[in-house]
Amino acid sequence: MTRPAPSPTLPCPPAGRRRLPPWLRVRLPTVRAFAETEAVLRDQAVRTVCESARCPNQWECWSRHTATFMIAGDRCTRACRFCAVTTGKPLPLDAQEPLRVAEAARRMGLRHVVLTAVARDDLPDGGAEHFRQTILAVRRRNPGATVEVLVPDFNGDAASIATVLDARPEVFNHNLETVRRLTPAVRSRATYDRSLEVLRRAHPRSSEAWRTKSGLMLGLGETDQEVAEALRDLRAAGCDLLTLGQYLQPTVRQLPVAEFIHPDRFAGWAQRARALGFDHVVSGPLVRSSYHADDLVRDLPAGQSRRGPGGGT
Ligand code: SF4
């Protein structure tokens, strides 16, 4: 898996968006389940990162009656260069949103509920209490369902991380997103070391049963050595669940793809990650943090998921 030495900056954008290789061309099934999922989401007026981030798996996931809820509004206070979510001054939090998310999860029959949010640097707690309220509402309305949160870095604030963990999600996910060298060019305000610190702080003590998870996008111009370093850093931070996926340019306003990684190389990374001690690795071109997240919870060894296996999202 040796590759040439890195260029000091991100690669030059190609003249147009790159043609997708065959393994990234998604077939769009027209199934009733997709429309049913859409109807529930519209009816409850809840947002999903599936739409906001223009996820390539939306057809597959929604057709499985799964989705990832995006709470705390539709405007992010950051402007990461890989992400299509709108940047802007956010609106006040909607106190009813946790209840609507919980009801949407019930109507979709989710057994594993994945919650994420825009970064809310305008709020003193970064939106942590809103996360907590949403987890609690989901639990009340969906007895037995497992909950996974994909959180922003809360500017590294320990109290905000503790607030989210107070609601005991089964999985605490914070993405490292990319390798150390590319972080300043790819992410906005977030730093590589702070993200590792967030994961370190969230690492469960012996009496706590949640798991920490993180993910990297590949194809932004990173080298194999840099990816290997990021995996080692994540393990050193106590992270044991991992996703690796291909970065895809959501619109022309985001960073171009530097390289399409062949599925065989994703398989090679999965092997290497497992050898480093990650308990569960999902690695492939179309993998996203929440892609088949229910499988990950189901595959955890008995007793490592507080509420047992999940079935959806
Ligand atoms: S992978 Fe996640 S964000 Fe993408 S469509 Fe599926 S649930 Fe939504």
# chains A, B, ... in the order shown; residues from 1 in each chain; ligands from 1

call {"tool": "residues_near_ligand", "arguments": {"ligand": "ligand 1", "cutoff": "8 Å", "atoms": "only C-alpha atoms and all ligand atoms", "output": "PDB file with N, CA and C atoms, in the first residue's frame"}}
result
ATOM      1  N   THR A  48     -32.684  15.402   7.878  1.00  0.00           N
ATOM      2  CA  THR A  48     -31.729  14.291   7.863  1.00  0.00           C
ATOM      3  C   THR A  48     -30.429  14.774   7.237  1.00  0.00           C
ATOM      4  N   VAL A  49     -29.343  14.172   7.702  1.00  0.00           N
ATOM      5  CA  VAL A  49     -28.066  14.484   7.076  1.00  0.00           C
ATOM      6  C   VAL A  49     -27.979  13.791   5.711  1.00  0.00           C
ATOM      7  N   CYS A  50     -28.811  12.787   5.535  1.00  0.00           N
ATOM      8  CA  CYS A  50     -28.859  12.091   4.242  1.00  0.00           C
ATOM      9  C   CYS A  50     -29.110  13.091   3.121  1.00  0.00           C
ATOM     10  N   GLU A  51     -30.067  14.004   3.369  1.00  0.00           N
ATOM     11  CA  GLU A  51     -30.383  15.019   2.361  1.00  0.00           C
ATOM     12  C   GLU A  51     -29.409  16.185   2.429  1.00  0.00           C
ATOM     13  N   ALA A  53     -26.425  16.524   3.471  1.00  0.00           N
ATOM     14  CA  ALA A  53     -25.051  16.276   3.037  1.00  0.00           C
ATOM     15  C   ALA A  53     -25.001  15.604   1.665  1.00  0.00           C
ATOM     16  N   ARG A  54     -26.162  15.448   1.059  1.00  0.00           N
ATOM     17  CA  ARG A  54     -26.261  14.816  -0.270  1.00  0.00           C
ATOM     18  C   ARG A  54     -25.586  13.451  -0.290  1.00  0.00           C
ATOM     19  N   CYS A  55     -25.959  12.650   0.675  1.00  0.00           N
ATOM     20  CA  CYS A  55     -25.325  11.334   0.804  1.00  0.00           C
ATOM     21  C   CYS A  55     -25.688  10.431  -0.376  1.00  0.00           C
ATOM     22  N   PRO A  56     -24.705   9.747  -0.941  1.00  0.00           N
ATOM     23  CA  PRO A  56     -24.991   8.884  -2.097  1.00  0.00           C
ATOM     24  C   PRO A  56     -25.816   7.650  -1.743  1.00  0.00           C
ATOM     25  N   ASN A  57     -25.968   7.385  -0.457  1.00  0.00           N
ATOM     26  CA  ASN A  57     -26.703   6.177  -0.042  1.00  0.00           C
ATOM     27  C   ASN A  57     -28.169   6.443   0.271  1.00  0.00           C
ATOM     28  N   GLN A  58     -28.613   7.661  -0.006  1.00  0.00           N
ATOM     29  CA  GLN A  58     -29.963   8.013   0.443  1.00  0.00           C
ATOM     30  C   GLN A  58     -31.017   7.039  -0.081  1.00  0.00           C
ATOM     31  N   TRP A  59     -30.908   6.659  -1.340  1.00  0.00           N
ATOM     32  CA  TRP A  59     -31.916   5.754  -1.883  1.00  0.00           C
ATOM     33  C   TRP A  59     -31.872   4.408  -1.177  1.00  0.00           C
ATOM     34  N   GLU A  60     -30.692   3.906  -0.968  1.00  0.00           N
ATOM     35  CA  GLU A  60     -30.597   2.591  -0.313  1.00  0.00           C
ATOM     36  C   GLU A  60     -31.127   2.662   1.121  1.00  0.00           C
ATOM     37  N   CYS A  61     -30.648   3.664   1.861  1.00  0.00           N
ATOM     38  CA  CYS A  61     -31.010   3.720   3.286  1.00  0.00           C
ATOM     39  C   CYS A  61     -32.490   4.002   3.474  1.00  0.00           C
ATOM     40  N   TRP A  62     -32.996   4.973   2.770  1.00  0.00           N
ATOM     41  CA  TRP A  62     -34.413   5.294   2.939  1.00  0.00           C
ATOM     42  C   TRP A  62     -35.288   4.131   2.477  1.00  0.00           C
ATOM     43  N   THR A  66     -34.471   3.548   6.846  1.00  0.00           N
ATOM     44  CA  THR A  66     -33.487   4.085   7.782  1.00  0.00           C
ATOM     45  C   THR A  66     -33.052   5.475   7.316  1.00  0.00           C
ATOM     46  N   ALA A  67     -32.603   6.259   8.270  1.00  0.00           N
ATOM     47  CA  ALA A  67     -32.112   7.613   7.962  1.00  0.00           C
ATOM     48  C   ALA A  67     -31.330   8.093   9.173  1.00  0.00           C
ATOM     49  N   THR A  68     -30.543   9.136   8.990  1.00  0.00           N
ATOM     50  CA  THR A  68     -29.827   9.740  10.119  1.00  0.00           C
ATOM     51  C   THR A  68     -30.381  11.141  10.350  1.00  0.00           C
ATOM     52  N   VAL A 114     -29.808   6.953  14.816  1.00  0.00           N
ATOM     53  CA  VAL A 114     -28.568   7.727  14.685  1.00  0.00           C
ATOM     54  C   VAL A 114     -28.918   9.215  14.609  1.00  0.00           C
ATOM     55  N   LEU A 286     -18.571   3.447  -0.527  1.00  0.00           N
ATOM     56  CA  LEU A 286     -19.807   4.172  -0.207  1.00  0.00           C
ATOM     57  C   LEU A 286     -20.102   4.231   1.288  1.00  0.00           C
ATOM     58  N   VAL A 287     -19.149   3.813   2.086  1.00  0.00           N
ATOM     59  CA  VAL A 287     -19.371   3.813   3.539  1.00  0.00           C
ATOM     60  C   VAL A 287     -19.374   5.250   4.059  1.00  0.00           C
ATOM     61  N   ARG A 288     -20.346   5.535   4.902  1.00  0.00           N
ATOM     62  CA  ARG A 288     -20.422   6.801   5.627  1.00  0.00           C
ATOM     63  C   ARG A 288     -20.552   6.446   7.114  1.00  0.00           C
ATOM     64  N   SER A 289     -20.402   7.457   7.981  1.00  0.00           N
ATOM     65  CA  SER A 289     -20.421   7.179   9.421  1.00  0.00           C
ATOM     66  C   SER A 289     -21.619   6.348   9.837  1.00  0.00           C
ATOM     67  N   SER A 290     -22.764   6.662   9.231  1.00  0.00           N
ATOM     68  CA  SER A 290     -23.996   6.027   9.682  1.00  0.00           C
ATOM     69  C   SER A 290     -24.436   4.894   8.763  1.00  0.00           C
ATOM     70  N   TYR A 291     -23.633   4.570   7.785  1.00  0.00           N
ATOM     71  CA  TYR A 291     -24.034   3.547   6.821  1.00  0.00           C
ATOM     72  C   TYR A 291     -24.077   2.191   7.507  1.00  0.00           C
ATOM     73  N   HIS A 292     -25.244   1.578   7.493  1.00  0.00           N
ATOM     74  CA  HIS A 292     -25.436   0.276   8.147  1.00  0.00           C
ATOM     75  C   HIS A 292     -24.949   0.318   9.605  1.00  0.00           C
ATOM     76  N   ALA A 293     -25.203   1.428  10.274  1.00  0.00           N
ATOM     77  CA  ALA A 293     -24.749   1.573  11.663  1.00  0.00           C
ATOM     78  C   ALA A 293     -25.394   0.520  12.556  1.00  0.00           C
ATOM     79  N   THR A 313     -31.628   1.973  10.667  1.00  0.00           N
ATOM     80  CA  THR A 313     -30.805   3.133  10.334  1.00  0.00           C
ATOM     81  C   THR A 313     -29.351   2.879   9.997  1.00  0.00           C
TER      82      THR A 313
END

call {"tool": "residues_around", "arguments": {"residues": "His280 of chain A", "least_positions_apart": "2", "cutoff": "7 Å", "atoms": "only C-alpha atoms", "output": "ChimeraX atom specification"}}
result
/A:240-242,278,282,296

call {"tool": "write_last_selection", "arguments": {"atoms": "N, CA and C atoms", "output": "compact mmCIF listing (two decimals), in the first residue's frame"}}
result
# COMPACT_ATOMS: atom_id res chain seq x y z
N ASP A 240 -12.62 2.31 19.18
CA ASP A 240 -12.56 0.92 18.69
C ASP A 240 -13.58 0.57 17.62
N LEU A 241 -14.35 1.54 17.18
CA LEU A 241 -15.25 1.31 16.05
C LEU A 241 -14.85 2.31 14.96
N LEU A 242 -14.81 1.85 13.71
CA LEU A 242 -14.22 2.69 12.66
C LEU A 242 -15.00 2.56 11.35
N PHE A 278 -8.99 -2.41 16.24
CA PHE A 278 -10.38 -1.94 16.16
C PHE A 278 -11.30 -3.16 16.22
N VAL A 282 -15.98 -0.79 9.25
CA VAL A 282 -16.75 -0.81 8.01
C VAL A 282 -15.97 0.06 7.03
N LEU A 296 -23.34 -2.59 12.87
CA LEU A 296 -22.21 -2.44 13.78
C LEU A 296 -22.64 -2.75 15.22

call {"tool": "closest_residue", "arguments": {"among": "A:Glu38, A:Asp153, A:Glu170, A:Glu259", "to": "Arg120 of chain A", "atoms": "only C-alpha atoms"}}
result
A:Asp153

call {"tool": "residues_around", "arguments": {"residues": "Arg180 of chain A", "least_positions_apart": "6", "cutoff": "9 Å", "atoms": "only C-alpha atoms", "output": "list of chain:residue names"}}
result
A:Thr191, A:Tyr192, A:Asp193, A:Glu226, A:Val227, A:Glu229, A:Ala230

call {"tool": "write_last_selection", "arguments": {"atoms": "N, CA and C atoms", "output": "compact mmCIF listing (two decimals), in the first residue's frame"}}
result
# COMPACT_ATOMS: atom_id res chain seq x y z
N THR A 191 -9.62 20.85 14.92
CA THR A 191 -8.23 20.43 14.75
C THR A 191 -8.13 18.93 14.95
N TYR A 192 -7.09 18.38 14.39
CA TYR A 192 -6.85 16.93 14.48
C TYR A 192 -6.71 16.52 15.94
N ASP A 193 -5.89 17.27 16.67
CA ASP A 193 -5.63 16.88 18.07
C ASP A 193 -6.87 17.07 18.94
N GLU A 226 0.08 8.36 6.12
CA GLU A 226 -0.74 9.28 6.93
C GLU A 226 -2.01 8.59 7.43
N VAL A 227 -2.60 7.76 6.59
CA VAL A 227 -3.79 7.03 7.04
C VAL A 227 -3.41 6.09 8.18
N GLU A 229 -1.04 6.40 10.27
CA GLU A 229 -0.81 7.21 11.49
C GLU A 229 -2.14 7.57 12.14
N ALA A 230 -3.13 7.98 11.32
CA ALA A 230 -4.44 8.36 11.87
C ALA A 230 -5.10 7.17 12.57

call {"tool": "residues_around", "arguments": {"residues": "Gly127 of chain A", "least_positions_apart": "2", "cutoff": "12 Å", "atoms": "only C-alpha atoms", "output": "compact mmCIF listing (two decimals) with C-alpha atoms, in the first residue's frame"}}
result
# COMPACT_ATOMS: atom_id res chain seq x y z
CA ILE A 71 -30.94 18.10 14.82
CA ALA A 72 -30.35 21.68 16.00
CA GLY A 73 -31.28 23.34 12.74
CA CYS A 76 -23.98 25.17 10.57
CA THR A 77 -21.67 27.69 12.22
CA PRO A 90 -28.47 29.46 13.05
CA PRO A 92 -32.89 29.35 17.97
CA LEU A 93 -33.23 25.71 18.98
CA ASP A 94 -36.66 24.14 18.56
CA ALA A 95 -37.70 22.64 21.91
CA THR A 116 -26.21 14.09 14.33
CA ALA A 117 -26.29 17.88 14.39
CA VAL A 118 -24.85 20.94 12.80
CA ALA A 119 -22.05 22.60 14.79
CA ARG A 120 -23.61 25.22 17.07
CA ASP A 121 -20.68 27.37 18.14
CA ASP A 122 -23.19 30.13 18.87
CA LEU A 123 -24.50 28.20 21.90
CA PRO A 124 -22.55 28.06 25.18
CA ASP A 125 -22.77 24.23 25.26
CA GLU A 129 -28.15 19.68 26.00
CA HIS A 130 -30.28 19.48 22.84
CA PHE A 131 -28.51 16.21 21.99
CA ARG A 132 -29.22 14.95 25.52
CA GLN A 133 -32.89 15.89 25.30
CA THR A 134 -33.22 14.17 21.94
CA VAL A 151 -21.27 14.84 17.45
CA PRO A 152 -19.27 17.94 16.53
CA ASP A 153 -16.18 18.67 18.61
CA PHE A 154 -17.96 21.08 21.01
CA ASN A 155 -14.71 23.05 20.87
CA ASP A 157 -15.48 21.33 26.01
CA ALA A 159 -18.78 19.60 30.14
CA SER A 160 -20.59 19.43 26.78
CA ILE A 161 -19.23 15.95 26.10
CA THR A 163 -23.82 16.31 28.97
CA VAL A 164 -24.28 14.13 25.89

call {"tool": "residues_around", "arguments": {"residues": "Leu176 of chain A", "least_positions_apart": "2", "cutoff": "10 Å", "atoms": "only C-alpha atoms", "output": "list in words"}}
result
Asp153, Asn173, His174, Thr178, Val179, Arg180, Thr183, Arg187, Ala190, Thr191, Tyr192, Asp193, Arg194, Ser195, Leu196, Val198, Leu199, Lys213, Ser214, Gly215, Leu216, Met217, Ala230, Leu231, Asp233 and Leu234 of chain A

call {"tool": "write_last_selection", "arguments": {"atoms": "N, CA and C atoms", "output": "mmCIF file, in the first residue's frame"}}
result
data_model
loop_
_atom_site.group_PDB
_atom_site.id
_atom_site.type_symbol
_atom_site.label_atom_id
_atom_site.label_comp_id
_atom_site.auth_asym_id
_atom_site.auth_seq_id
_atom_site.Cartn_x
_atom_site.Cartn_y
_atom_site.Cartn_z
ATOM 1 N N ASP A 153 -17.231 18.759 17.571
ATOM 2 C CA ASP A 153 -16.181 18.670 18.612
ATOM 3 C C ASP A 153 -16.478 19.496 19.864
ATOM 4 N N ASN A 173 -19.976 8.848 18.571
ATOM 5 C CA ASN A 173 -19.173 8.925 17.351
ATOM 6 C C ASN A 173 -18.711 10.357 17.126
ATOM 7 N N HIS A 174 -17.434 10.500 16.916
ATOM 8 C CA HIS A 174 -16.908 11.808 16.485
ATOM 9 C C HIS A 174 -15.870 11.539 15.404
ATOM 10 N N THR A 178 -10.157 13.313 8.413
ATOM 11 C CA THR A 178 -9.016 13.177 7.495
ATOM 12 C C THR A 178 -7.719 13.131 8.299
ATOM 13 N N VAL A 179 -6.634 13.006 7.585
ATOM 14 C CA VAL A 179 -5.328 12.856 8.239
ATOM 15 C C VAL A 179 -4.854 14.217 8.770
ATOM 16 N N ARG A 180 -3.829 14.155 9.603
ATOM 17 C CA ARG A 180 -3.353 15.379 10.279
ATOM 18 C C ARG A 180 -2.998 16.497 9.270
ATOM 19 N N THR A 183 -6.026 18.254 7.611
ATOM 20 C CA THR A 183 -7.117 18.770 8.443
ATOM 21 C C THR A 183 -7.342 20.273 8.289
ATOM 22 N N ARG A 187 -11.171 20.841 7.163
ATOM 23 C CA ARG A 187 -12.155 21.118 8.223
ATOM 24 C C ARG A 187 -12.106 22.594 8.611
ATOM 25 N N ALA A 190 -12.076 22.991 13.436
ATOM 26 C CA ALA A 190 -11.708 21.749 14.118
ATOM 27 C C ALA A 190 -10.220 21.472 13.925
ATOM 28 N N THR A 191 -9.617 20.853 14.921
ATOM 29 C CA THR A 191 -8.226 20.432 14.748
ATOM 30 C C THR A 191 -8.127 18.929 14.955
ATOM 31 N N TYR A 192 -7.088 18.381 14.395
ATOM 32 C CA TYR A 192 -6.847 16.933 14.478
ATOM 33 C C TYR A 192 -6.707 16.519 15.942
ATOM 34 N N ASP A 193 -5.888 17.269 16.668
ATOM 35 C CA ASP A 193 -5.635 16.878 18.066
ATOM 36 C C ASP A 193 -6.866 17.066 18.941
ATOM 37 N N ARG A 194 -7.644 18.089 18.654
ATOM 38 C CA ARG A 194 -8.844 18.277 19.483
ATOM 39 C C ARG A 194 -9.844 17.147 19.246
ATOM 40 N N SER A 195 -9.966 16.701 18.018
ATOM 41 C CA SER A 195 -10.882 15.585 17.761
ATOM 42 C C SER A 195 -10.416 14.324 18.491
ATOM 43 N N LEU A 196 -9.114 14.097 18.505
ATOM 44 C CA LEU A 196 -8.612 12.941 19.260
ATOM 45 C C LEU A 196 -8.912 13.119 20.752
ATOM 46 N N VAL A 198 -11.439 14.756 22.049
ATOM 47 C CA VAL A 198 -12.876 14.501 22.258
ATOM 48 C C VAL A 198 -13.107 13.002 22.446
ATOM 49 N N LEU A 199 -12.488 12.205 21.588
ATOM 50 C CA LEU A 199 -12.655 10.742 21.689
ATOM 51 C C LEU A 199 -12.039 10.214 22.981
ATOM 52 N N LYS A 213 -16.554 5.749 18.486
ATOM 53 C CA LYS A 213 -16.442 5.415 17.059
ATOM 54 C C LYS A 213 -15.925 6.640 16.328
ATOM 55 N N SER A 214 -15.220 6.422 15.245
ATOM 56 C CA SER A 214 -14.773 7.549 14.440
ATOM 57 C C SER A 214 -14.691 7.121 12.974
ATOM 58 N N GLY A 215 -14.436 8.095 12.136
ATOM 59 C CA GLY A 215 -14.380 7.772 10.718
ATOM 60 C C GLY A 215 -13.455 8.707 9.959
ATOM 61 N N LEU A 216 -12.967 8.189 8.853
ATOM 62 C CA LEU A 216 -12.097 8.953 7.954
ATOM 63 C C LEU A 216 -12.651 8.877 6.542
ATOM 64 N N MET A 217 -12.492 9.999 5.821
ATOM 65 C CA MET A 217 -12.761 9.987 4.383
ATOM 66 C C MET A 217 -11.426 9.776 3.676
ATOM 67 N N ALA A 230 -3.130 7.980 11.322
ATOM 68 C CA ALA A 230 -4.444 8.357 11.867
ATOM 69 C C ALA A 230 -5.099 7.165 12.566
ATOM 70 N N LEU A 231 -4.972 5.988 11.983
ATOM 71 C CA LEU A 231 -5.564 4.802 12.618
ATOM 72 C C LEU A 231 -4.892 4.524 13.958
ATOM 73 N N ASP A 233 -3.434 6.732 15.842
ATOM 74 C CA ASP A 233 -3.838 7.790 16.774
ATOM 75 C C ASP A 233 -5.244 7.531 17.329
ATOM 76 N N LEU A 234 -6.129 7.054 16.473
ATOM 77 C CA LEU A 234 -7.487 6.757 16.942
ATOM 78 C C LEU A 234 -7.470 5.624 17.967
#

call {"tool": "select_by_dssp", "arguments": {"residues": "segment 73-139 of chain A", "states": "strand (DSSP E or B)", "output": "list in words"}}
result
Cys76, Thr87, His112, Val113, Val114, Leu115, Thr116 and Ala117 of chain A

call {"tool": "closest_residue", "arguments": {"among": "A:Arg42, A:Arg189, A:His65, A:His262", "to": "Met108 of chain A", "atoms": "only C-alpha atoms"}}
result
A:His65

call {"tool": "closest_residue", "arguments": {"among": "A:Ala237, A:Ala167, A:Leu182, A:Val113", "to": "Gly144 of chain A", "atoms": "only C-alpha atoms"}}
result
A:Val113

call {"tool": "select_by_dssp", "arguments": {"residues": "segment 60-139 of chain A", "states": "helix (DSSP H, G or I)", "output": "list in words"}}
result
Glu60, Cys61, Trp62, Ser63, Glu97, Pro98, Leu99, Arg100, Val101, Ala102, Glu103, Ala104, Ala105, Arg106, Arg107, Met108, Ala128, Glu129, His130, Phe131, Arg132, Gln133, Thr134, Ile135, Leu136, Ala137, Val138 and Arg139 of chain A

call {"tool": "residues_around", "arguments": {"residues": "Ala145 of chain A", "least_positions_apart": "3", "cutoff": "6 Å", "atoms": "only C-alpha atoms", "output": "JSON, numbers by chain"}}
result
{"A": [111, 112, 142]}

call {"tool": "write_last_selection", "arguments": {"atoms": "N, CA and C atoms", "output": "mmCIF file, in the first residue's frame"}}
result
data_model
loop_
_atom_site.group_PDB
_atom_site.id
_atom_site.type_symbol
_atom_site.label_atom_id
_atom_site.label_comp_id
_atom_site.auth_asym_id
_atom_site.auth_seq_id
_atom_site.Cartn_x
_atom_site.Cartn_y
_atom_site.Cartn_z
ATOM 1 N N ARG A 111 -34.777 0.457 15.179
ATOM 2 C CA ARG A 111 -34.261 -0.221 16.375
ATOM 3 C C ARG A 111 -32.905 0.354 16.753
ATOM 4 N N HIS A 112 -32.314 1.118 15.850
ATOM 5 C CA HIS A 112 -31.051 1.806 16.138
ATOM 6 C C HIS A 112 -31.190 3.215 15.546
ATOM 7 N N ASN A 142 -39.229 5.036 22.114
ATOM 8 C CA ASN A 142 -38.788 3.835 21.375
ATOM 9 C C ASN A 142 -38.097 2.867 22.336
#

call {"tool": "decode", "arguments": {"residues": "segment 263-274 of chain A", "atoms": "N, CA and C atoms", "output": "compact mmCIF listing (two decimals), in the first residue's frame"}}
result
# COMPACT_ATOMS: atom_id res chain seq x y z
N PRO A 263 -11.97 -0.46 -4.33
CA PRO A 263 -12.55 -1.27 -3.23
C PRO A 263 -11.53 -2.23 -2.58
N ASP A 264 -10.60 -2.74 -3.38
CA ASP A 264 -9.60 -3.67 -2.79
C ASP A 264 -8.74 -2.96 -1.75
N ARG A 265 -8.47 -1.70 -2.00
CA ARG A 265 -7.65 -0.96 -1.01
C ARG A 265 -8.46 -0.68 0.25
N PHE A 266 -9.75 -0.43 0.08
CA PHE A 266 -10.58 -0.30 1.29
C PHE A 266 -10.55 -1.61 2.09
N ALA A 267 -10.60 -2.72 1.39
CA ALA A 267 -10.55 -4.02 2.09
C ALA A 267 -9.22 -4.16 2.81
N GLY A 268 -8.15 -3.71 2.16
CA GLY A 268 -6.82 -3.77 2.79
C GLY A 268 -6.77 -2.92 4.06
N TRP A 269 -7.39 -1.73 4.01
CA TRP A 269 -7.40 -0.87 5.20
C TRP A 269 -8.21 -1.50 6.33
N ALA A 270 -9.30 -2.17 5.96
CA ALA A 270 -10.11 -2.82 7.00
C ALA A 270 -9.26 -3.87 7.72
N GLN A 271 -8.50 -4.62 6.93
CA GLN A 271 -7.63 -5.65 7.53
C GLN A 271 -6.60 -5.01 8.47
N ARG A 272 -5.99 -3.95 7.98
CA ARG A 272 -4.97 -3.29 8.81
C ARG A 272 -5.57 -2.72 10.08
N ALA A 273 -6.77 -2.14 9.96
CA ALA A 273 -7.41 -1.55 11.14
C ALA A 273 -7.74 -2.63 12.16
N ARG A 274 -8.21 -3.75 11.68
CA ARG A 274 -8.52 -4.84 12.63
C ARG A 274 -7.24 -5.32 13.30
